[in-house]
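Quick look at structure_28.txt (compact mmCIF, C-alpha atoms and all ligand atoms):
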# COMPACT_ATOMS: atom_id res chain seq x y z
CA MET A 1 37.76 59.16 37.29
CA TYR A 2 38.78 57.27 40.41
CA PRO A 3 37.27 54.09 41.83
CA SER A 4 35.00 54.61 44.86
CA SER A 5 36.31 55.60 48.29
CA LYS A 6 35.49 52.10 49.50
CA GLU A 7 37.58 50.46 46.80
CA LEU A 8 40.46 52.87 47.36
CA PHE A 9 40.39 52.22 51.10
CA GLU A 10 40.62 48.45 50.56
CA ARG A 11 43.68 49.01 48.40
CA ALA A 12 45.17 51.56 50.80
CA LYS A 13 44.94 49.18 53.75
CA LYS A 14 47.23 46.78 51.88
CA VAL A 15 50.02 49.30 51.47
CA ALA A 16 49.70 51.70 54.42
CA PRO A 17 49.00 51.04 58.12
CA GLY A 18 45.25 51.44 58.59
CA GLY A 19 45.13 52.69 55.00
CA VAL A 20 46.24 56.19 55.96
CA HIS A 21 49.27 58.36 56.63
CA SER A 22 48.00 59.99 59.82
CA PRO A 23 45.67 58.16 62.24
CA VAL A 24 42.58 60.37 62.54
CA ARG A 25 42.09 60.27 58.75
CA SER A 26 40.99 56.64 59.02
CA PHE A 27 37.57 57.37 60.62
CA ARG A 28 38.49 54.87 63.37
CA SER A 29 37.03 57.19 66.00
CA VAL A 30 33.64 57.65 64.28
CA GLY A 31 33.36 54.25 62.57
CA GLY A 32 32.88 53.50 58.89
CA ASP A 33 35.28 53.97 55.99
CA PRO A 34 37.00 57.25 55.21
CA VAL A 35 35.98 59.38 52.25
CA PHE A 36 38.74 59.85 49.67
CA PHE A 37 38.92 63.39 48.33
CA GLN A 38 40.30 64.41 44.98
CA SER A 39 40.13 68.19 45.02
CA ALA A 40 39.04 71.23 47.00
CA LYS A 41 38.16 74.88 46.43
CA GLY A 42 37.09 77.58 48.84
CA ALA A 43 34.83 76.05 51.50
CA TYR A 44 34.29 72.86 49.51
CA LEU A 45 35.84 69.43 49.25
CA THR A 46 35.10 67.10 46.32
CA ASP A 47 35.37 63.37 46.85
CA VAL A 48 36.56 60.83 44.27
CA SER A 49 32.96 60.18 43.20
CA GLY A 50 32.25 63.85 42.59
CA ASN A 51 30.23 64.56 45.77
CA GLU A 52 30.76 67.93 47.41
CA TYR A 53 31.11 68.69 51.11
CA ILE A 54 31.35 71.92 53.06
CA ASP A 55 34.64 71.52 54.92
CA TYR A 56 34.99 72.39 58.62
CA CYS A 57 38.17 70.35 59.10
CA LEU A 58 40.27 72.39 56.70
CA SER A 59 43.25 70.07 56.93
CA PHE A 60 43.03 70.38 60.73
CA GLY A 61 43.45 74.13 60.73
CA PRO A 62 46.04 75.39 58.25
CA LEU A 63 43.60 76.64 55.60
CA ILE A 64 42.37 79.82 57.27
CA LEU A 65 41.54 81.36 53.90
CA GLY A 66 39.86 78.19 52.63
CA HIS A 67 41.10 75.86 49.93
CA ARG A 68 43.19 77.40 47.16
CA ASP A 69 42.51 81.03 47.97
CA PRO A 70 42.96 82.84 44.62
CA GLU A 71 45.59 85.24 45.93
CA VAL A 72 47.66 82.47 47.50
CA GLN A 73 47.14 80.23 44.48
CA GLU A 74 48.70 82.85 42.23
CA VAL A 75 51.78 83.01 44.46
CA VAL A 76 52.04 79.23 44.50
CA SER A 77 51.80 79.00 40.71
CA LYS A 78 54.51 81.62 40.32
CA THR A 79 56.69 79.76 42.80
CA ALA A 80 56.42 76.61 40.70
CA GLU A 81 58.06 78.61 37.91
CA LEU A 82 60.83 79.93 40.15
CA ALA A 83 62.20 76.93 42.03
CA TRP A 84 60.94 74.00 44.07
CA SER A 85 63.79 73.83 46.52
CA PHE A 86 67.29 75.20 46.86
CA GLY A 87 68.81 73.70 49.97
CA ALA A 88 70.57 77.05 50.03
CA ALA A 89 70.04 80.61 51.19
CA GLU A 90 67.16 82.46 49.43
CA PRO A 91 65.09 85.60 50.03
CA TYR A 92 61.68 83.93 50.57
CA SER A 93 62.24 82.68 54.10
CA LEU A 94 63.84 86.02 54.90
CA GLU A 95 60.70 87.87 53.84
CA LEU A 96 58.45 85.65 55.96
CA ALA A 97 60.82 85.83 58.94
CA GLU A 98 61.10 89.63 58.75
CA TRP A 99 57.35 90.01 58.50
CA ILE A 100 56.73 87.81 61.56
CA VAL A 101 59.49 89.45 63.60
CA SER A 102 58.04 92.88 62.78
CA LYS A 103 54.56 91.86 64.00
CA ILE A 104 55.26 89.75 67.08
CA PRO A 105 57.26 91.46 69.84
CA TRP A 106 58.43 88.25 71.59
CA VAL A 107 59.68 86.80 68.33
CA GLU A 108 63.15 88.23 67.85
CA LYS A 109 64.44 85.32 65.81
CA ILE A 110 62.81 82.37 64.10
CA ARG A 111 63.88 79.06 62.54
CA PHE A 112 61.67 77.33 59.98
CA VAL A 113 61.20 73.55 59.97
CA ASN A 114 58.75 71.21 58.21
CA SER A 115 56.11 70.40 60.83
CA GLY A 116 54.76 71.34 64.22
CA THR A 117 56.32 68.20 65.67
CA GLU A 118 59.78 69.24 64.53
CA ALA A 119 59.23 72.73 65.87
CA VAL A 120 58.37 71.54 69.39
CA MET A 121 61.15 68.93 69.39
CA SER A 122 63.71 71.58 68.45
CA ALA A 123 62.39 74.17 70.89
CA LEU A 124 62.76 71.68 73.76
CA ARG A 125 66.33 71.02 72.68
CA VAL A 126 67.00 74.75 72.91
CA ALA A 127 65.32 74.96 76.32
CA ARG A 128 67.47 72.15 77.68
CA ALA A 129 70.63 73.67 76.25
CA ALA A 130 69.80 77.10 77.62
CA THR A 131 69.03 75.94 81.14
CA GLY A 132 71.29 72.91 81.49
CA ARG A 133 68.23 71.12 82.90
CA ASP A 134 66.58 67.92 81.66
CA LYS A 135 62.97 67.86 82.78
CA ILE A 136 59.98 69.15 80.85
CA LEU A 137 56.52 69.83 82.29
CA LYS A 138 53.52 69.20 80.04
CA PHE A 139 49.78 69.00 80.66
CA ASP A 140 47.32 66.15 80.35
CA GLY A 141 45.40 66.47 77.08
CA CYS A 142 47.81 68.85 75.39
CA TYR A 143 49.20 67.60 72.10
CA HIS A 144 52.58 68.77 70.88
CA GLY A 145 53.16 66.50 67.91
CA HIS A 146 54.52 62.98 67.94
CA LEU A 147 58.00 63.49 69.38
CA ASP A 148 58.78 60.72 71.89
CA ALA A 149 59.23 62.91 74.94
CA LEU A 150 55.78 64.49 74.71
CA LEU A 151 53.68 61.56 73.54
CA VAL A 152 52.48 61.08 77.07
CA LYS A 153 48.91 61.92 78.06
CA ALA A 154 48.62 63.54 74.66
CA GLY A 155 45.59 64.53 72.59
CA SER A 156 44.76 64.56 68.86
CA GLY A 157 44.67 60.97 67.54
CA LEU A 158 45.30 59.65 71.06
CA ALA A 159 42.35 61.52 72.55
CA GLY A 160 39.59 59.30 73.86
CA GLU A 161 41.66 56.12 73.51
CA SER A 162 42.08 53.86 76.52
CA SER A 163 45.74 54.81 76.72
CA SER A 164 46.75 58.32 75.77
CA ASP A 165 50.39 57.23 75.41
CA SER A 166 52.11 55.60 72.44
CA ALA A 167 53.75 52.18 72.39
CA GLY A 168 57.37 52.04 71.28
CA ILE A 169 58.65 54.79 73.53
CA GLY A 170 61.21 53.46 75.98
CA SER A 171 60.88 54.60 79.59
CA GLU A 172 64.28 56.28 79.25
CA LEU A 173 62.83 58.66 76.67
CA ILE A 174 60.05 59.91 78.92
CA LYS A 175 61.66 59.76 82.32
CA ASN A 176 62.17 63.52 82.15
CA THR A 177 58.61 64.28 81.14
CA LEU A 178 56.41 65.48 84.00
CA VAL A 179 52.66 65.64 83.43
CA LEU A 180 50.03 67.59 85.36
CA PRO A 181 46.31 68.18 84.80
CA LEU A 182 45.24 71.47 83.24
CA ASP A 183 43.40 74.09 85.32
CA ASP A 184 45.24 73.37 88.58
CA GLU A 185 47.81 76.01 89.46
CA ASN A 186 48.30 74.55 92.95
CA ALA A 187 49.61 71.31 91.46
CA VAL A 188 52.06 73.34 89.37
CA GLU A 189 53.19 75.28 92.43
CA GLU A 190 53.72 72.08 94.38
CA LEU A 191 55.66 70.37 91.58
CA PHE A 192 57.94 73.36 91.05
CA SER A 193 58.67 73.62 94.75
CA LYS A 194 60.08 70.08 94.60
CA GLU A 195 61.42 69.82 91.05
CA GLY A 196 61.79 73.44 89.95
CA LYS A 197 65.55 73.46 89.64
CA ASN A 198 65.42 70.49 87.26
CA ILE A 199 62.71 71.79 84.93
CA ALA A 200 64.03 73.22 81.67
CA ALA A 201 60.65 74.27 80.34
CA LEU A 202 56.96 74.35 80.95
CA VAL A 203 55.24 73.57 77.66
CA ILE A 204 51.55 74.17 77.09
CA GLU A 205 49.02 74.87 74.36
CA PRO A 206 47.74 78.21 75.66
CA LEU A 207 44.47 77.27 73.94
CA PRO A 208 44.35 73.48 74.26
CA ALA A 209 42.55 72.39 71.08
CA ASN A 210 43.62 68.81 70.50
CA TYR A 211 41.41 67.11 73.08
CA GLY A 212 38.26 68.96 72.38
CA LEU A 213 38.56 72.65 73.15
CA LEU A 214 39.73 73.00 76.75
CA ILE A 215 39.67 76.77 77.18
CA GLN A 216 41.83 77.71 80.17
CA ARG A 217 41.29 80.41 82.74
CA LYS A 218 43.55 83.38 82.15
CA GLU A 219 44.52 83.37 85.85
CA PHE A 220 45.69 79.77 85.53
CA LEU A 221 47.91 80.58 82.56
CA SER A 222 49.35 83.74 84.11
CA LYS A 223 50.00 81.98 87.39
CA ILE A 224 51.84 78.97 85.94
CA VAL A 225 54.01 81.25 83.81
CA GLU A 226 54.88 83.23 86.93
CA ILE A 227 55.72 80.05 88.84
CA ALA A 228 57.93 78.68 86.05
CA ARG A 229 59.84 81.96 85.79
CA LYS A 230 60.35 82.14 89.53
CA HIS A 231 62.16 78.81 89.28
CA GLY A 232 64.27 79.78 86.28
CA SER A 233 62.37 77.54 83.86
CA LEU A 234 61.56 78.65 80.34
CA VAL A 235 58.00 79.04 79.11
CA LEU A 236 57.23 77.42 75.76
CA PHE A 237 53.84 78.25 74.28
CA ASP A 238 52.91 75.72 71.63
CA GLU A 239 50.89 77.87 69.25
CA VAL A 240 50.94 75.43 66.35
CA ILE A 241 47.15 75.46 66.28
CA SER A 242 46.36 78.87 67.84
CA GLY A 243 49.14 80.90 66.19
CA PHE A 244 47.82 83.14 63.38
CA ARG A 245 44.41 81.50 64.01
CA VAL A 246 42.98 83.38 67.00
CA GLY A 247 44.68 86.56 65.82
CA LEU A 248 47.93 87.68 64.26
CA THR A 249 49.77 87.48 67.59
CA GLY A 250 48.03 84.28 68.69
CA MET A 251 47.04 83.42 72.23
CA SER A 252 50.21 85.00 73.58
CA GLY A 253 49.04 88.36 72.26
CA GLU A 254 45.53 87.84 73.51
CA LEU A 255 46.73 86.91 77.00
CA GLY A 256 49.41 89.57 77.12
CA ILE A 257 52.00 86.94 78.03
CA SER A 258 55.33 86.89 76.22
CA PRO A 259 56.63 83.33 76.08
CA ASP A 260 60.38 82.68 76.00
CA LEU A 261 59.92 80.24 73.16
CA VAL A 262 56.96 79.76 70.85
CA THR A 263 56.19 77.16 68.21
CA TYR A 264 54.12 77.64 65.07
CA GLY A 265 52.85 75.37 62.31
CA LYS A 266 49.60 74.83 60.43
CA ILE A 267 48.63 78.36 59.18
CA ILE A 268 52.22 79.61 58.96
CA GLY A 269 52.79 77.59 55.76
CA GLY A 270 49.52 78.55 54.07
CA GLY A 271 48.65 74.87 53.56
CA PHE A 272 52.18 73.65 52.84
CA PRO A 273 54.33 71.74 55.34
CA VAL A 274 55.96 74.39 57.54
CA GLY A 275 56.65 74.64 61.23
CA ALA A 276 58.73 77.17 63.15
CA TYR A 277 60.23 77.76 66.53
CA ALA A 278 60.95 81.25 67.64
CA GLY A 279 61.58 83.52 70.57
CA LYS A 280 64.23 85.57 72.24
CA ALA A 281 67.39 86.14 70.18
CA GLU A 282 69.62 84.90 72.99
CA LEU A 283 67.79 81.55 72.91
CA LEU A 284 67.60 81.16 69.12
CA ASP A 285 71.28 82.07 68.87
CA LEU A 286 72.02 78.79 70.61
CA VAL A 287 70.99 77.05 67.38
CA ALA A 288 73.53 75.88 64.79
CA PRO A 289 75.44 77.31 63.01
CA GLN A 290 75.39 80.23 65.47
CA GLY A 291 75.39 78.01 68.54
CA PRO A 292 75.86 74.44 69.74
CA VAL A 293 72.26 73.14 69.40
CA TYR A 294 72.13 71.13 66.19
CA GLN A 295 68.99 71.26 64.07
CA ALA A 296 68.77 71.00 60.27
CA GLY A 297 66.43 70.12 57.39
CA THR A 298 66.97 69.20 53.72
CA LEU A 299 63.69 70.77 52.62
CA SER A 300 63.32 73.35 55.41
CA ALA A 301 62.00 76.77 54.39
CA SER A 302 60.58 75.42 51.14
CA PRO A 303 59.79 78.32 48.79
CA PHE A 304 56.20 77.07 48.45
CA GLY A 305 55.53 77.16 52.17
CA MET A 306 57.39 80.42 52.73
CA ARG A 307 55.58 82.30 49.97
CA ALA A 308 52.16 80.74 50.55
CA GLY A 309 52.56 81.44 54.27
CA LEU A 310 53.44 85.08 53.76
CA ALA A 311 50.62 85.62 51.25
CA THR A 312 48.19 84.04 53.72
CA LEU A 313 49.31 86.08 56.70
CA LYS A 314 49.33 89.35 54.77
CA LYS A 315 45.82 88.74 53.55
CA CYS A 316 44.65 87.88 57.07
CA GLU A 317 45.93 91.23 58.28
CA ARG A 318 44.80 93.31 55.33
CA GLU A 319 41.27 91.89 55.08
CA ASN A 320 40.59 91.99 58.82
CA VAL A 321 40.08 88.24 58.62
CA TYR A 322 40.21 87.56 62.36
CA SER A 323 37.34 89.73 63.44
CA ILE A 324 35.20 88.65 60.48
CA LEU A 325 35.88 84.98 61.20
CA GLY A 326 35.05 85.52 64.85
CA SER A 327 31.55 86.78 64.17
CA ARG A 328 30.86 84.26 61.41
CA THR A 329 31.89 81.44 63.73
CA GLN A 330 29.51 82.69 66.42
CA LYS A 331 26.72 82.69 63.87
CA LEU A 332 27.48 79.18 62.63
CA VAL A 333 27.79 77.71 66.10
CA ARG A 334 24.65 79.38 67.41
CA GLY A 335 22.73 78.00 64.46
CA LEU A 336 24.16 74.51 64.69
CA LEU A 337 23.66 74.32 68.42
CA SER A 338 20.00 75.20 68.23
CA ILE A 339 19.51 72.54 65.54
CA LEU A 340 21.37 69.98 67.64
CA LYS A 341 19.32 70.84 70.71
CA GLU A 342 16.10 70.50 68.79
CA ARG A 343 16.86 67.46 66.67
CA ASP A 344 19.13 65.45 68.97
CA SER A 345 17.79 66.46 72.37
CA GLU A 346 18.74 63.16 73.91
CA ALA A 347 22.46 63.91 73.68
CA ASN A 348 22.07 67.31 75.40
CA TRP A 349 24.55 69.26 73.26
CA ASP A 350 26.52 72.34 74.16
CA SER A 351 29.38 74.18 72.48
CA LEU A 352 32.65 75.94 73.16
CA VAL A 353 33.99 78.60 70.84
CA HIS A 354 37.16 80.63 70.71
CA SER A 355 37.55 82.96 67.71
CA SER A 356 37.32 80.64 64.69
CA LEU A 357 37.70 77.34 66.55
CA PHE A 358 34.64 75.52 67.80
CA TRP A 359 33.74 72.29 69.52
CA PHE A 360 30.39 70.65 70.21
CA HIS A 361 30.21 68.48 73.29
CA LYS A 362 27.68 66.90 75.57
CA ALA A 363 26.54 69.44 78.12
CA SER A 364 28.08 69.45 81.56
CA SER A 365 27.10 71.21 84.76
CA SER A 366 30.66 72.44 85.30
CA PRO A 367 33.02 74.11 82.82
CA ILE A 368 35.06 71.70 80.72
CA ARG A 369 38.70 72.66 81.21
CA THR A 370 40.32 69.27 81.75
CA VAL A 371 40.26 65.92 79.99
CA ASP A 372 38.41 64.34 82.92
CA ALA A 373 35.60 66.88 82.70
CA ILE A 374 34.50 65.72 79.23
CA PRO A 375 31.13 63.99 79.76
CA ALA A 376 30.90 60.24 79.19
CA GLY A 377 29.32 59.12 75.93
CA HIS A 378 30.68 62.12 74.02
CA LYS A 379 32.52 60.05 71.42
CA GLU A 380 29.46 57.99 70.53
CA ALA A 381 27.11 60.97 70.42
CA PHE A 382 29.53 62.78 68.10
CA ALA A 383 29.92 59.79 65.78
CA LYS A 384 26.16 59.75 65.14
CA VAL A 385 26.06 63.45 64.30
CA PHE A 386 29.24 63.23 62.23
CA HIS A 387 27.78 60.59 59.92
CA ALA A 388 24.44 62.33 59.61
CA LEU A 389 26.20 65.54 58.52
CA LEU A 390 28.60 63.70 56.23
CA ASN A 391 25.66 62.12 54.41
CA GLU A 392 24.22 65.54 53.80
CA GLY A 393 27.51 67.03 52.58
CA VAL A 394 29.03 68.64 55.66
CA TYR A 395 32.50 67.43 56.63
CA LEU A 396 33.73 67.75 60.21
CA ALA A 397 37.05 66.38 61.45
CA PRO A 398 36.36 62.66 61.94
CA SER A 399 36.77 62.57 65.73
CA GLY A 400 34.76 64.03 68.58
CA TYR A 401 38.01 65.24 70.14
CA GLU A 402 39.07 67.37 67.19
CA VAL A 403 37.85 70.95 66.99
CA GLY A 404 36.12 72.52 64.00
CA PHE A 405 37.62 75.40 62.04
CA MET A 406 36.16 78.21 59.97
CA SER A 407 37.83 79.79 56.97
CA PHE A 408 37.46 83.14 55.24
CA ALA A 409 35.82 81.27 52.35
CA HIS A 410 32.93 80.32 54.64
CA ASP A 411 30.74 83.35 54.01
CA ASP A 412 27.15 83.95 55.14
CA ALA A 413 25.75 81.96 52.21
CA ILE A 414 27.91 78.94 53.08
CA ILE A 415 26.85 79.22 56.72
CA ALA A 416 23.18 79.34 55.73
CA LYS A 417 23.64 76.32 53.49
CA THR A 418 25.41 74.45 56.29
CA LEU A 419 22.51 75.10 58.66
CA GLU A 420 20.01 73.92 56.06
CA LYS A 421 21.96 70.73 55.50
CA ALA A 422 22.41 70.18 59.22
CA ASP A 423 18.71 70.57 59.84
CA SER A 424 17.75 67.99 57.25
CA ALA A 425 20.60 65.69 58.33
CA LEU A 426 19.54 65.71 61.96
CA LYS A 427 15.84 65.50 61.14
CA LYS A 428 16.62 62.12 59.62
CA LEU A 429 18.60 61.16 62.69
CA LYS A 430 15.46 61.42 64.81
CA VAL A 431 13.30 58.95 62.92
C1 LIG A 501 49.09 70.04 65.09
C2 LIG A 501 49.85 70.33 66.32
C3 LIG A 501 51.18 69.90 66.50
C4 LIG A 501 51.86 68.99 65.53
O1 LIG A 501 52.06 69.57 64.28
P1 LIG A 501 52.36 68.60 63.03
O2 LIG A 501 52.59 69.56 61.91
O3 LIG A 501 51.15 67.74 62.88
O4 LIG A 501 53.57 67.81 63.38
C5 LIG A 501 51.85 70.31 67.63
N1 LIG A 501 51.27 71.09 68.55
C6 LIG A 501 50.00 71.52 68.42
C7 LIG A 501 49.41 72.41 69.45
C8 LIG A 501 49.25 71.14 67.31
O5 LIG A 501 47.97 71.55 67.20
Could I get this structure in the form of structure tokens?
Amino acid sequence: MYPSSKELFERAKKVAPGGVHSPVRSFRSVGGDPVFFQSAKGAYLTDVSGNEYIDYCLSFGPLILGHRDPEVQEVVSKTAELAWSFGAAEPYSLELAEWIVSKIPWVEKIRFVNSGTEAVMSALRVARAATGRDKILKFDGCYHGHLDALLVKAGSGLAGESSSDSAGIGSELIKNTLVLPLDDENAVEELFSKEGKNIAALVIEPLPANYGLLIQRKEFLSKIVEIARKHGSLVLFDEVISGFRVGLTGMSGELGISPDLVTYGKIIGGGFPVGAYAGKAELLDLVAPQGPVYQAGTLSASPFGMRAGLATLKKCERENVYSILGSRTQKLVRGLLSILKERDSEANWDSLVHSSLFWFHKASSSPIRTVDAIPAGHKEAFAKVFHALLNEGVYLAPSGYEVGFMSFAHDDAIIAKTLEKADSALKKLKV
């Protein structure tokens, strides 16, 4: 048995900055002390005191089948008997790579790394090498991991803070980073007409989901891709969060846009630390040892991540997971929204949903597609609801700017239970 979360957090703060190893985990954005969890299964988390919670954070997205899916668990257990790491060639990464290449037309070659951050960092290196250009265009509110060059106007743990940039990044490191608002193709056109010949890549989350859920117009995405290509810039879709989440071929497939480079993470490792960058063979062949772009990793393509990832993706395809998750998410969100509207009418809640990602936000008269369009007071309104739900055993990501995720383990019974808990949680909120 562990000491309480409170006691653990006091100890953790002495040995780790803010007591955590990634900022949002600290509950800073919602107030209060974080819950310490000791185990998880299916849709449920268990904290160190034995309390259970229905989990809609799911490690921020990777666990599309829920915690310790039995099929994936079996593969992981077998892997523990085979090898933990080789630092050498092995068949497991080959099997995952071949499977992905066979399913995704714009992925001709792929390189596995250990995180989404590494994937984006490496893909930008390739883009610069391929074009001989230095500048990168990103969008306000899009998060691409914590690499220096893109930690400007970023989302995730920086969302809703007074400065959405990080300290400790010298101006030299971001002088080639250009930032524009989302949803404004004219601004992109204008920038490219001046700077086009210097821009190596346009990088975007095709479904921005790290600053709330800022669903973009298809015309905007098609147009900016067209503009970038006209100027000889590469298009990098950062699908770390949307890849294998909105469907097997991600947002690229849904939009019918083939990016030059694409990055994956989260789901691709089945809950283990894996990222990947991928795309056209001629671009990936620039990477060492084939080409001059250096990129390496001691633990890259870990057998655990490769085999858990493949087991996860195969099950998603075989069990028709995407369409089932889509309708279950609609059901959950419809239910939650009507409870929120009834029990917390003051905040005037609304929701945005895309496949199995969802986000509750304060209602707005115009569509929310940019950071600036998020209504004032959202963070505070969310914090209240977050704690009410937490008390009742429903765990959302502890920030109003993080989206919620559904997993295949969240069946109709779990959804019904969630709605019951939410209703009694928010009933208490009122009095
Ligand atoms: C999570 C995320 C990243 C960073 O991935 P890490 O594995 O946390 O480094 C990058 N881009 C997007 C779109 C993400 O959602």
ask   = Which residue, A:Ala373, A:Leu65, A:Ile104, A:Leu151, has the smallest gap to ligand LIG 501 (chain A) when you use all atoms listed in the file?
value =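 Counting all atoms listed in the file, the residue closest to ligand LIG 501 (chain A) is A:Leu151.
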Using all atoms of ligand LIG 501 (chain A) that appear in the file, construct an axis-aligned enclosing box with 5 Å of padding on every side and provide its centre coordinates and edge lengths in Å, rounded to one decimal, as lines of an AutoDock Vina configuration file.
center_x = 50.8
center_y = 70.1
center_z = 65.7
size_x = 15.6
size_y = 14.7
size_z = 17.5
Using all atoms listed in the file, what does the table of chain A residues within 6 Å of ligand LIG 501 (chain A) look like, with each row giving the shortest atom pair and its distance in Å to one decimal, sorted by chain and ascending number, as JSON lines?
{"residue": "A:Ser115", "atom": "CA", "partner": "A:LIG501", "partner_atom": "O2", "distance": 3.8}
{"residue": "A:Gly116", "atom": "CA", "partner": "A:LIG501", "partner_atom": "O1", "distance": 3.2}
{"residue": "A:Thr117", "atom": "CA", "partner": "A:LIG501", "partner_atom": "O4", "distance": 3.6}
{"residue": "A:Tyr143", "atom": "CA", "partner": "A:LIG501", "partner_atom": "N1", "distance": 5.4}
{"residue": "A:His144", "atom": "CA", "partner": "A:LIG501", "partner_atom": "N1", "distance": 3.5}
{"residue": "A:Gly145", "atom": "CA", "partner": "A:LIG501", "partner_atom": "C4", "distance": 3.7}
{"residue": "A:Glu205", "atom": "CA", "partner": "A:LIG501", "partner_atom": "C7", "distance": 5.5}
{"residue": "A:Asp238", "atom": "CA", "partner": "A:LIG501", "partner_atom": "C7", "distance": 5.3}
{"residue": "A:Glu239", "atom": "CA", "partner": "A:LIG501", "partner_atom": "C7", "distance": 5.7}
{"residue": "A:Val240", "atom": "CA", "partner": "A:LIG501", "partner_atom": "C6", "distance": 4.5}
{"residue": "A:Ile241", "atom": "CA", "partner": "A:LIG501", "partner_atom": "O5", "distance": 4.1}
{"residue": "A:Gly265", "atom": "CA", "partner": "A:LIG501", "partner_atom": "O2", "distance": 5.8}
task = Rank A:Ala130, A:Leu426, A:Leu234, A:Ala397 by their smallest atom-to-atom distance to Ser29 of chain A, using all atoms listed in the file, and report the top residue only.
result =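 When distances to Ser29 of chain A are compared using all atoms listed in the file, the smallest one comes from A:Ala397.
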query = How many Å lie between atom CA of Pro34 of chain A and atom CA of Gly19 of chain A, rounded to one decimal?
reply = 9.3 Å
key: Atom pair atom CA of Ser399 of chain A / atom CA of Val262 of chain A: separation (Å)   =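 Computing the Euclidean distance for atom CA of Ser399 of chain A and atom CA of Val262 of chain A yields 27.0 Å.
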Selected residue of minimal separation from Cys316 of chain A among A:Phe358, A:Phe244, A:Tyr53, A:Trp84, counting only C-alpha atoms =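 Smallest distance to Cys316 of chain A is found for A:Phe244.
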ask   = Got a sec to check which residues sit within 10 Å of (29.9, 62.3, 67.3), counting all atoms listed in the file, and write them as a VMD selection string?
value = chain A and resid 29 to 31 347 360 to 362 377 to 388 396 398 to 401
query = So how far away is atom CA of Leu58 of chain A from atom CA of Asn210 of chain A, in Å?
reply =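 So the two atoms, atom CA of Asn210 of chain A and atom CA of Leu58 of chain A, lie 14.6 Å apart.
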ask   = Quick one: of A:Pro105, A:Gly404, A:Gly271, A:Gly42, who's nearest to Gly66 of chain A, counting all atoms listed in the file?
value =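 Selected residue with least distance to Gly66 of chain A: A:Gly42.
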key: Contact residues around Trp99 of chain A with all atoms listed in the file at 12 Å, ignoring same-chain residues under 2 positions, as a VMD selection string   = chain A and resid 92 to 97 101 to 105 107 to 110 248 268 306 to 307 309 to 314 317
